[in-house]
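File shown: data28.txt. Contents: compact mmCIF, C-alpha atoms.
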```txt
# COMPACT_ATOMS: atom_id res chain seq x y z
CA MET A 17 -15.86 14.79 -26.10
CA SER A 18 -12.56 14.32 -24.28
CA ASP A 19 -11.93 12.14 -21.29
CA PRO A 20 -11.56 14.35 -18.18
CA THR A 21 -9.76 11.54 -16.38
CA ALA A 22 -7.23 10.83 -19.10
CA LYS A 23 -4.22 12.27 -17.28
CA LEU A 24 -5.00 11.14 -13.76
CA GLU A 25 -3.14 7.85 -13.83
CA ASN A 26 0.12 9.51 -14.80
CA PHE A 27 -0.56 12.24 -12.29
CA LEU A 28 -1.02 9.73 -9.47
CA LYS A 29 2.10 7.85 -10.52
CA ALA A 30 4.05 11.11 -10.50
CA LEU A 31 2.89 11.81 -6.94
CA LEU A 32 3.86 8.34 -5.75
CA LYS A 33 7.23 8.63 -7.47
CA SER A 34 7.93 11.83 -5.56
CA LEU A 35 7.13 10.03 -2.29
CA ASP A 36 9.74 7.39 -3.18
CA LEU A 37 12.47 9.70 -4.47
CA GLN A 38 15.91 9.21 -3.00
CA PRO A 39 18.02 12.26 -2.18
CA LEU A 40 20.75 13.09 -4.65
CA SER A 41 24.28 13.31 -3.30
CA GLU A 42 24.54 17.03 -4.00
CA GLN A 43 21.18 17.86 -2.40
CA SER A 44 20.92 19.37 1.05
CA PRO A 45 18.22 17.82 3.27
CA GLU A 46 16.12 20.96 2.76
CA MET A 47 16.44 20.84 -1.01
CA TYR A 48 15.56 17.16 -0.96
CA ALA A 49 12.47 17.72 1.21
CA ASN A 50 11.19 20.26 -1.31
CA THR A 51 11.05 17.55 -3.98
CA ILE A 52 8.51 15.52 -1.99
CA LEU A 53 4.98 16.10 -3.24
CA PRO A 54 5.66 19.59 -4.61
CA GLN A 55 2.09 19.56 -5.97
CA LEU A 56 0.71 20.37 -2.51
CA GLN A 57 -0.76 23.81 -2.22
CA THR A 58 0.45 26.16 0.49
CA PRO A 59 -1.48 25.79 2.70
CA SER A 60 -3.22 22.48 2.05
CA ARG A 61 -5.01 19.85 4.07
CA VAL A 62 -2.53 17.02 4.57
CA ILE A 63 -3.77 14.14 6.72
CA ILE A 64 -1.43 11.19 7.24
CA ASN A 65 -2.92 8.30 9.20
CA GLY A 66 -5.37 10.67 10.85
CA THR A 67 -2.72 13.21 11.81
CA PRO A 68 -3.03 16.67 10.23
CA TYR A 69 -0.13 18.64 8.79
CA GLY A 70 -1.16 22.23 8.19
CA SER A 71 2.29 23.04 6.87
CA LYS A 72 3.50 21.57 3.60
CA GLN A 73 7.06 22.10 4.79
CA VAL A 74 6.60 20.15 8.04
CA PHE A 75 5.03 17.29 6.13
CA GLN A 76 7.88 17.24 3.62
CA GLN A 77 10.55 17.37 6.32
CA THR A 78 8.88 14.54 8.24
CA TRP A 79 8.49 12.39 5.14
CA ALA A 80 12.18 12.93 4.36
CA THR A 81 13.07 11.07 7.57
CA LEU A 82 11.35 7.86 6.41
CA PRO A 83 13.30 4.81 5.34
CA SER A 84 13.20 4.19 1.61
CA THR A 85 9.74 3.39 0.31
CA GLN A 86 8.23 1.81 -2.77
CA HIS A 87 4.68 2.77 -3.70
CA GLN A 88 2.55 1.07 -6.31
CA LEU A 89 -0.79 2.29 -7.64
CA LEU A 90 -3.33 -0.54 -7.63
CA SER A 91 -6.62 1.10 -8.58
CA TYR A 92 -8.35 4.44 -8.64
CA ASP A 93 -11.54 6.25 -9.50
CA ALA A 94 -12.27 9.96 -9.83
CA HIS A 95 -15.05 12.49 -10.25
CA LEU A 96 -14.67 15.88 -11.88
CA ILE A 97 -16.79 18.27 -9.85
CA PRO A 98 -17.91 21.71 -11.01
CA THR A 99 -17.26 24.47 -8.49
CA GLY A 100 -19.19 27.35 -10.02
CA GLN A 101 -15.83 28.86 -10.94
CA PRO A 102 -13.81 28.42 -14.13
CA GLN A 103 -11.79 25.55 -12.66
CA SER A 104 -13.45 22.32 -11.59
CA ILE A 105 -11.86 19.99 -9.05
CA TYR A 106 -11.05 16.31 -9.09
CA SER A 107 -12.05 14.09 -6.23
CA ILE A 108 -9.78 11.03 -6.50
CA LEU A 109 -9.94 7.82 -4.49
CA ALA A 110 -7.04 5.43 -5.01
CA ARG A 111 -5.76 2.17 -3.61
CA VAL A 112 -2.03 2.00 -3.24
CA ARG A 113 0.43 -0.37 -1.65
CA VAL A 114 3.71 0.58 -0.04
CA ARG A 115 6.69 -1.19 1.45
CA PHE A 116 9.40 0.18 3.67
CA ASP A 117 13.12 -0.46 3.91
CA GLU A 118 13.67 -2.57 7.02
CA SER A 119 17.46 -2.52 6.87
CA GLY A 120 17.64 0.00 9.70
CA ARG A 121 18.52 3.25 8.03
CA ASN A 122 16.48 6.06 6.61
CA ARG A 123 16.71 7.54 3.13
CA LEU A 124 19.07 10.25 4.32
CA GLY A 125 21.48 7.52 5.42
CA ASP A 126 20.94 7.90 9.17
CA THR A 127 21.23 4.76 11.26
CA ALA A 128 20.88 3.96 14.94
CA ASP A 129 24.36 2.45 15.07
CA LEU A 130 26.85 3.92 17.51
CA VAL A 131 29.71 2.45 15.53
CA PRO A 132 29.83 2.00 11.79
CA VAL A 133 28.37 -1.32 10.69
CA SER A 134 28.61 -2.81 7.28
CA ARG A 135 25.12 -2.77 5.82
CA PRO A 136 23.75 -4.18 2.62
CA PRO A 137 23.91 -1.64 -0.19
CA ARG A 138 20.31 -2.24 -1.15
CA PRO A 139 17.12 -1.80 0.89
CA LEU A 140 15.55 -4.82 2.54
CA TYR A 141 11.92 -4.18 1.83
CA SER A 142 9.07 -5.10 4.16
CA PRO A 143 5.96 -6.93 3.02
CA TRP A 144 3.36 -4.67 1.42
CA PHE A 145 1.10 -2.37 3.42
CA GLY A 146 -2.26 -1.26 1.98
CA VAL A 147 -2.95 2.45 1.63
CA SER A 148 -6.09 4.44 0.88
CA LEU A 149 -5.26 7.69 -0.88
CA LYS A 150 -7.87 10.44 -1.18
CA LEU A 151 -7.07 13.63 -3.04
CA ILE A 152 -8.75 16.81 -4.07
CA ALA A 153 -6.88 18.46 -6.91
CA ASP A 154 -7.47 21.35 -9.27
CA GLU A 155 -8.24 20.75 -12.92
CA GLN A 156 -5.02 22.68 -13.57
CA LEU A 157 -3.14 19.36 -13.41
CA ASN A 158 -4.24 18.76 -16.99
CA GLN A 159 -1.87 21.52 -18.10
CA THR A 160 1.12 20.44 -16.03
CA PHE A 161 1.91 18.19 -13.10
CA GLU A 162 4.48 20.74 -11.94
CA CYS A 163 1.97 22.97 -10.20
CA GLU A 164 0.57 23.38 -6.72
CA CYS A 165 -2.78 21.78 -7.47
CA ILE A 166 -3.52 19.52 -4.48
CA SER A 167 -5.69 21.13 -1.83
CA SER A 168 -6.36 17.95 0.17
CA PHE A 169 -4.14 14.88 0.58
CA ASN A 170 -5.36 12.08 2.82
CA TYR A 171 -3.00 9.09 3.18
CA ARG A 172 -4.31 6.27 5.36
CA ILE A 173 -2.61 2.92 5.87
CA THR A 174 -5.53 0.53 5.96
CA GLU A 175 -3.75 -2.82 5.90
CA LYS A 176 -0.62 -3.79 7.79
CA PRO A 177 1.13 -7.13 7.45
CA GLU A 178 1.76 -8.99 10.68
CA SER A 179 5.14 -10.18 9.48
CA SER A 180 6.69 -6.72 9.11
CA VAL A 181 8.98 -5.33 11.78
CA PHE A 182 8.02 -1.87 10.58
CA THR A 183 5.48 -0.36 12.96
CA LEU A 184 2.84 2.32 12.55
CA THR B 28 13.80 2.15 16.80
CA ASN B 29 12.58 5.23 14.93
CA LEU B 30 14.15 3.86 11.79
CA LEU B 31 11.64 1.04 11.82
CA SER B 32 8.51 3.01 12.56
CA PHE B 33 6.30 5.36 10.59
CA PRO B 34 7.16 8.87 11.82
CA PHE B 35 3.57 10.06 11.49
CA PRO B 36 1.45 9.40 14.61
CA CYS B 37 -1.51 7.15 13.91
CA ALA B 38 -5.01 8.14 14.96
CA SER B 39 -8.15 6.31 13.97
CA SER B 40 -10.05 9.49 13.16
CA PHE B 41 -9.52 13.09 12.28
CA PHE B 42 -12.02 15.94 12.27
CA GLU B 43 -11.00 19.38 11.14
CA SER B 44 -13.20 21.07 13.74
CA PRO B 45 -15.64 20.14 16.52
CA GLU B 46 -18.50 21.44 14.35
CA LEU B 47 -17.52 19.21 11.44
CA GLN B 48 -17.13 16.31 13.82
CA SER B 49 -20.65 16.39 15.17
CA VAL B 50 -22.19 17.02 11.75
CA ALA B 51 -20.08 14.43 9.95
CA ILE B 52 -20.51 11.66 12.49
CA GLN B 53 -24.25 12.07 12.50
CA PHE B 54 -24.34 12.29 8.72
CA ILE B 55 -22.21 9.25 7.92
CA THR B 56 -23.83 7.09 10.60
CA THR B 57 -27.26 7.95 9.28
CA TYR B 58 -26.11 7.55 5.67
CA LEU B 59 -24.74 4.06 6.22
CA ASN B 60 -27.79 3.13 8.27
CA PHE B 61 -30.03 4.09 5.36
CA TRP B 62 -27.62 2.42 2.92
CA ASP B 63 -28.18 -0.81 4.80
CA ASN B 64 -31.88 -0.51 5.58
CA ASP B 65 -33.59 1.85 3.14
CA ARG B 66 -31.09 2.68 0.41
CA MET B 67 -33.57 4.39 -1.87
CA SER B 68 -34.27 7.05 0.78
CA LEU B 69 -30.75 8.33 0.22
CA LEU B 70 -31.74 9.50 -3.25
CA ASN B 71 -33.26 12.58 -1.60
CA LEU B 72 -29.69 13.71 -0.97
CA PHE B 73 -28.75 13.58 -4.63
CA THR B 74 -29.35 16.22 -7.29
CA PRO B 75 -29.10 15.98 -11.10
CA GLU B 76 -25.41 16.93 -10.77
CA SER B 77 -24.54 14.41 -8.06
CA GLN B 78 -22.16 11.59 -8.96
CA PHE B 79 -21.80 8.03 -7.69
CA SER B 80 -19.41 5.30 -8.76
CA TYR B 81 -17.72 2.29 -7.30
CA HIS B 82 -14.91 -0.07 -8.07
CA PHE B 83 -13.27 -3.09 -6.58
CA ASP B 84 -9.69 -4.20 -6.42
CA THR B 85 -8.83 -7.84 -5.86
CA THR B 86 -5.19 -7.34 -4.87
CA HIS B 87 -4.47 -9.44 -1.86
CA ILE B 88 -2.29 -7.52 0.57
CA VAL B 89 -2.72 -9.01 4.03
CA GLU B 90 -4.50 -12.02 5.47
CA ALA B 91 -7.59 -11.42 7.55
CA SER B 92 -7.38 -13.09 10.93
CA SER B 93 -8.55 -16.65 10.65
CA ALA B 94 -11.41 -16.04 13.06
CA SER B 95 -13.01 -13.59 10.69
CA ILE B 96 -13.00 -15.81 7.62
CA SER B 97 -15.78 -18.27 7.15
CA ILE B 98 -14.77 -21.88 6.83
CA LYS B 99 -16.14 -21.99 3.30
CA ASP B 100 -14.14 -18.94 2.28
CA SER B 101 -10.93 -20.29 3.69
CA ARG B 102 -11.25 -23.58 1.86
CA THR B 103 -12.50 -22.47 -1.50
CA PRO B 104 -10.40 -20.27 -3.72
CA ASN B 105 -12.92 -18.09 -5.51
CA SER B 106 -12.81 -16.82 -9.05
CA VAL B 107 -13.21 -13.10 -9.56
CA ALA B 108 -16.58 -13.78 -11.18
CA SER B 109 -17.96 -15.78 -8.29
CA SER B 110 -16.53 -13.45 -5.65
CA TRP B 111 -17.34 -10.11 -7.26
CA GLY B 112 -20.14 -10.93 -9.70
CA SER B 113 -22.47 -8.20 -8.48
CA TYR B 114 -19.82 -5.55 -8.93
CA ILE B 115 -18.03 -6.50 -12.12
CA SER B 116 -20.16 -4.85 -14.80
CA ASN B 117 -19.91 -1.32 -13.46
CA SER B 118 -16.66 -1.38 -11.52
CA ARG B 119 -14.92 1.87 -12.43
CA ASN B 120 -11.31 1.06 -11.75
CA LEU B 121 -9.72 3.55 -14.11
CA MET B 122 -6.54 1.47 -14.15
CA ARG B 123 -8.51 -1.15 -16.07
CA VAL B 124 -11.38 0.72 -17.70
CA SER B 125 -10.06 2.49 -20.74
CA GLY B 126 -12.01 4.32 -23.38
CA ILE B 127 -14.07 7.37 -22.65
CA LYS B 128 -17.42 5.72 -23.40
CA SER B 129 -16.86 2.97 -20.92
CA ARG B 130 -15.44 5.32 -18.30
CA MET B 131 -18.35 7.72 -18.57
CA SER B 132 -20.98 4.97 -18.51
CA LYS B 133 -19.73 3.76 -15.14
CA VAL B 134 -20.13 7.04 -13.32
CA PHE B 135 -23.77 7.58 -12.40
CA LYS B 136 -25.04 11.12 -12.44
CA GLY B 137 -28.45 12.19 -11.18
CA ARG B 138 -31.10 10.38 -9.19
CA ASP B 139 -32.38 7.83 -11.71
CA PRO B 140 -29.00 6.42 -12.75
CA ILE B 141 -27.84 6.48 -9.14
CA SER B 142 -31.02 4.69 -8.08
CA ASP B 143 -30.28 1.91 -10.58
CA ALA B 144 -26.69 1.70 -9.39
CA PHE B 145 -27.75 1.50 -5.75
CA GLN B 146 -30.14 -1.33 -6.52
CA SER B 147 -27.53 -3.24 -8.47
CA LEU B 148 -25.38 -3.67 -5.37
CA PRO B 149 -25.95 -6.31 -2.69
CA THR B 150 -27.76 -5.34 0.48
CA SER B 151 -25.40 -4.86 3.37
CA LYS B 152 -24.87 -4.38 7.06
CA HIS B 153 -22.31 -1.97 8.51
CA ARG B 154 -21.46 -1.80 12.21
CA LEU B 155 -20.46 1.83 12.50
CA ASP B 156 -23.07 2.59 15.14
CA LYS B 157 -22.36 -0.55 17.19
CA ASP B 158 -18.61 -0.92 16.73
CA PRO B 159 -17.15 2.45 15.76
CA SER B 160 -13.60 1.38 16.65
CA SER B 161 -13.52 -0.91 13.63
CA TYR B 162 -13.93 2.11 11.37
CA SER B 163 -11.69 5.03 10.60
CA ILE B 164 -12.97 8.44 9.55
CA GLU B 165 -11.32 11.62 8.33
CA VAL B 166 -13.30 14.79 7.75
CA VAL B 167 -12.00 18.00 6.23
CA SER B 168 -13.69 21.05 4.80
CA VAL B 169 -13.63 21.83 1.08
CA PRO B 170 -13.96 25.61 1.00
CA ILE B 171 -14.31 25.96 -2.77
CA LEU B 172 -17.53 23.92 -2.58
CA ASN B 173 -18.54 25.05 0.90
CA ALA B 174 -18.59 21.33 1.58
CA MET B 175 -17.13 18.68 3.83
CA GLU B 176 -15.28 15.61 2.67
CA ILE B 177 -15.93 12.47 4.67
CA CYS B 178 -13.60 9.50 4.18
CA VAL B 179 -14.57 6.32 5.96
CA HIS B 180 -12.68 3.03 6.02
CA GLY B 181 -13.89 -0.26 7.46
CA SER B 182 -15.92 -3.29 6.50
CA PHE B 183 -19.47 -4.48 5.93
CA VAL B 184 -21.23 -7.76 5.49
CA GLU B 185 -23.28 -8.48 2.40
CA THR B 186 -26.71 -9.66 3.49
CA GLY B 187 -28.54 -10.28 0.25
CA SER B 188 -28.55 -10.18 -3.52
CA PRO B 189 -29.04 -6.93 -5.42
CA LYS B 190 -32.61 -5.77 -5.99
CA LYS B 191 -31.94 -5.18 -9.66
CA SER B 192 -29.83 -6.81 -12.34
CA ASN B 193 -27.11 -4.76 -13.95
CA LYS B 194 -28.85 -5.36 -17.26
CA GLU B 195 -31.79 -3.15 -16.44
CA GLY B 196 -32.41 0.57 -16.44
CA HIS B 197 -29.63 2.95 -17.36
CA PHE B 198 -26.88 0.41 -17.32
CA LYS B 199 -24.73 0.18 -20.38
CA ASN B 200 -22.26 -2.61 -20.33
CA GLY B 201 -19.32 -2.92 -22.60
CA SER B 202 -17.49 -5.22 -20.29
CA LYS B 203 -16.38 -8.65 -21.29
CA TYR B 204 -18.17 -9.81 -18.18
CA THR B 205 -21.53 -8.53 -19.39
CA ALA B 206 -22.84 -12.01 -19.87
CA TYR B 207 -22.28 -12.73 -16.24
CA HIS B 208 -25.54 -11.35 -14.85
CA THR B 209 -25.65 -13.75 -12.00
CA SER B 210 -25.77 -11.49 -9.03
CA SER B 211 -27.79 -14.04 -7.17
CA ARG B 212 -25.06 -16.62 -7.76
CA SER B 213 -22.38 -14.42 -6.24
CA GLN B 214 -21.29 -15.43 -2.83
CA LEU B 215 -22.20 -13.08 -0.02
CA SER B 216 -19.06 -11.99 1.77
CA GLU B 217 -17.61 -9.58 4.22
CA ARG B 218 -15.82 -6.76 2.41
CA SER B 219 -13.38 -4.09 3.41
CA PHE B 220 -14.04 -0.71 1.87
CA ASP B 221 -12.93 2.90 1.57
CA ARG B 222 -15.61 5.46 0.81
CA SER B 223 -15.43 9.16 0.12
CA LEU B 224 -18.36 11.56 0.17
CA LEU B 225 -18.39 15.24 -0.70
CA VAL B 226 -21.32 16.73 1.18
CA ILE B 227 -22.60 20.25 0.72
CA ALA B 228 -24.64 21.83 3.49
CA GLY B 229 -27.79 23.45 2.18
CA THR B 230 -30.28 25.66 3.92
CA GLY B 231 -32.38 24.54 6.88
CA GLY B 232 -30.14 21.62 7.80
CA SER B 233 -30.38 20.03 4.38
CA TYR B 234 -27.50 18.30 2.62
CA ILE B 235 -26.49 17.51 -0.93
CA VAL B 236 -24.16 14.65 -1.79
CA ALA B 237 -22.09 16.01 -4.65
CA SER B 238 -19.92 12.91 -4.94
CA ASP B 239 -19.97 9.41 -3.50
CA MET B 240 -17.10 7.06 -4.40
CA LEU B 241 -16.84 3.54 -3.05
CA LEU B 242 -13.81 1.25 -3.22
CA LEU B 243 -14.37 -2.41 -2.34
CA LYS B 244 -11.64 -4.80 -1.28
CA GLN B 245 -11.27 -8.32 -0.06
CA TYR B 246 -11.91 -8.38 3.67
CA SER B 247 -8.64 -7.84 5.51
CA GLY B 248 -9.66 -7.70 9.15
CA GLN B 249 -9.20 -4.74 11.43
CA GLY B 250 -7.55 -1.85 9.68
CA GLY B 251 -4.14 -0.35 10.22
CA TRP B 252 -5.67 2.09 12.71
CA SER B 253 -6.87 -0.54 15.20
CA SER B 254 -6.05 0.11 18.86
CA ASP B 255 -5.21 3.74 18.11
CA SER B 256 -6.93 6.78 19.47
CA HIS B 257 -9.00 9.51 17.88
CA ARG B 258 -7.32 12.74 16.92
CA GLY B 259 -9.44 15.81 17.26
CA PRO B 260 -12.52 16.31 19.38
CA VAL B 261 -13.93 13.29 21.18
CA SER B 262 -16.70 11.60 19.28
CA SER B 263 -20.23 11.80 20.48
CA SER B 264 -22.87 9.16 20.24
CA PRO B 265 -24.32 9.51 16.78
CA ALA B 266 -28.03 9.85 16.31
CA ALA B 267 -29.38 7.72 13.52
CA SER B 268 -32.64 9.53 13.07
CA GLY B 269 -34.20 11.04 9.99
CA LEU B 270 -32.14 11.97 6.98
CA PRO B 271 -32.14 15.60 5.89
CA VAL B 272 -32.94 15.98 2.23
CA ALA B 273 -31.23 17.81 -0.58
CA GLN B 274 -32.34 21.25 -1.53
CA ALA B 275 -34.90 21.42 -4.30
```

Is it possible to give me this structure as structure tokens?
Amino acid sequence: MSDPTAKLENFLKALLKSLDLQPLSEQSPEMYANTILPQLQTPSRVIINGTPYGSKQVFQQTWATLPSTQHQLLSYDAHLIPTGQPQSIYSILARVRVRFDESGRNRLGDTADLVPVSRPPRPLYSPWFGVSLKLIADEQLNQTFECECISSFNYRITEKPESSVFTL
Amino acid sequence: TNLLSFPFPCASSFFESPELQSVAIQFITTYLNFWDNDRMSLLNLFTPESQFSYHFDTTHIVEASSASISIKDSRTPNSVASSWGSYISNSRNLMRVSGIKSRMSKVFKGRDPISDAFQSLPTSKHRLDKDPSSYSIEVVSVPILNAMEICVHGSFVETGSPKKSNKEGHFKNGSKYTAYHTSSRSQLSERSFDRSLLVIAGTGGSYIVASDMLLLKQYSGQGGWSSDSHRGPVSSSPAASGLPVAQA
């Protein structure tokens, strides 16, 4: 008997890593956006804080405008559910925390400054926010993480620190 | 500025369609009402293939507002054992539970194991029907299962000790905490939670719960969605009447 959940932790960490990726200098904004959560199916159900994104591309382009982020997986559980078809699906419920760069620029380097201002080279991260992550993903992820296997991605910030200047 | 705000609008709830909204609100309100008042009645929604598991995570992220913490809680730092005693033996946090035997023994499949698991958890009181704004719900369809997925976030108050010790019935404990069967010694607390249910509509208004996953957290006050609006159709007043049963 093999453990059907054996690869899920690395899978979740790969997803979170893609949400935190910084653009490379040679990447266009479009190319960079495509590297964010490439595991989403087209179309898929993407719900961020209760707001739906029917288009993978719109979600990716919006996420690309965020300041730098750091995600950390805290806990997770999962059920493998038969579908009556060859492939079963995973229902995954995870707890994650995230913090945002509060230095005043986004990951593409945009700032609100009218004139150039010297800024610290490194992000100034906010306190942690709590996130509930709920996924439905195809069993196919056991073969490779580089596949469009996520049919539902629900990202909900459930805890927000009072001391952060970052607002929801 | 925009550089210091999350670019995704925040809404406390999302429903994929008006039909899913009315069905899901009624279902989850009734489900949590039975969870609090007559938990064993929920077993009618479960089949031999249904799965239930829970886990807790003690990571402290934000402070609850001082008004919502009891004086005792605020003064006494609690050990994991005393705070989470009822949940420790079968908590299925896959970050911590390694080994296939242990992982598989903590997911409950079918009515009898799920019945034991339900009875091993403290009795509770949710406020979804009285204070819906302190909860957040997202509902989407899952076409491959002809099902809906309901995610609910919020809090509940523990009102009493579990009906059954974790030692009884189908429970197999390999945990180092096995010796700590002191559910009655655990402190009753308010908890925050995230819960996900996959619900399949059967014939004649019946439902099957294919999957029920519960994540318990230290109480952290109103969630990140507080003071935001609903997205999707306006909610209706839920009816907490009888619970449709699973198909035979």

Report as a list in words all protein, DNA and RNA residues lying within 6 Å of Leu242 of chain B, evaluated on only C-alpha atoms, omitting residues in the same chain fewer than 4 positions from it.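 Skipping anything fewer than 4 positions along the chain leaves Tyr81, His82, Phe83, Phe220 and Asp221 of chain B.
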
Restrict the distance test to only C-alpha atoms, flag each residue of chain B within 6 Å of chain A, and return the flagged residues as JSON, numbers by chain. {"B": [30, 31, 32, 33, 37, 38, 40, 41, 89, 120, 121, 122, 127, 172, 250, 251]}

To one decimal place, how far is atom CA of Pro36 of chain B from atom CA of Tyr162 of chain B in Å?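 For atom CA of Pro36 of chain B relative to atom CA of Tyr162 of chain B, the distance reads 17.3 Å.
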
For a quick check of your reading of the model, name the residues lying within 10 Å of the coordinate (-16.1, 0.6, 4.3), counting all atoms listed in the file, and write them as JSON, numbers by chain. {"B": [59, 153, 154, 155, 161, 162, 163, 164, 178, 179, 180, 181, 182, 183, 184, 218, 219, 220, 221, 222, 223, 241, 242, 243, 244, 246]}

Residue nearest Glu43 of chain B among A:Phe27, A:Gly70, A:Tyr106, A:Glu42 (counting all atoms listed in the file):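 Of A:Phe27, A:Gly70, A:Tyr106, A:Glu42, the one nearest Glu43 of chain B is A:Gly70, counting all atoms listed in the file.
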
Report, in Å with one decimal, the straight-line distance from atom CA of Met240 of chain B to atom CA of Ile52 of chain B.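 Interatomic distance, atom CA of Met240 of chain B to atom CA of Ile52 of chain B: 17.8 Å.
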
Which residues are near Ile52 of chain A? Cut-off 12 Å, all atoms listed in the file, ignore same chain within fewer than 6 positions. Put them as a ChimeraX atom specification. /A:30-39,45-46,72-82,162

May I have the residues within 8 Å of Leu225 of chain B as a list in words, using only C-alpha atoms and disregarding those fewer than 6 positions away in the same chain?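 Near Leu225 of chain B, the qualifying residues are Ala174, Met175, Glu176, Ile177, Val236, Ala237, Ser238 and Asp239 of chain B.
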
Atomic distance atom CA of Phe54 of chain B - atom CA of Ile235 of chain B, expressed in Å with one decimal: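 Atom CA of Ile235 of chain B lies 11.2 Å from atom CA of Phe54 of chain B.
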
Do you know which residues are at most 8 Å from Pro75 of chain B counting all atoms listed in the file, after dropping those on the same chain fewer than 6 positions away, and could you put them as a list of chain:residue names?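 Near neighbours after the sequence-gap exclusion: B:Lys136, B:Gly137, B:Arg138.
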
Could you give me the centre and size, in Å to one decimal, of an axis-aligned box around all listed atoms of segment 38-46 of chain B with 6 Å added on every side, as lines of an AutoDock Vina configuration file?
```
center_x = -11.8
center_y = 13.9
center_z = 13.8
size_x = 25.5
size_y = 27.1
size_z = 17.4
```
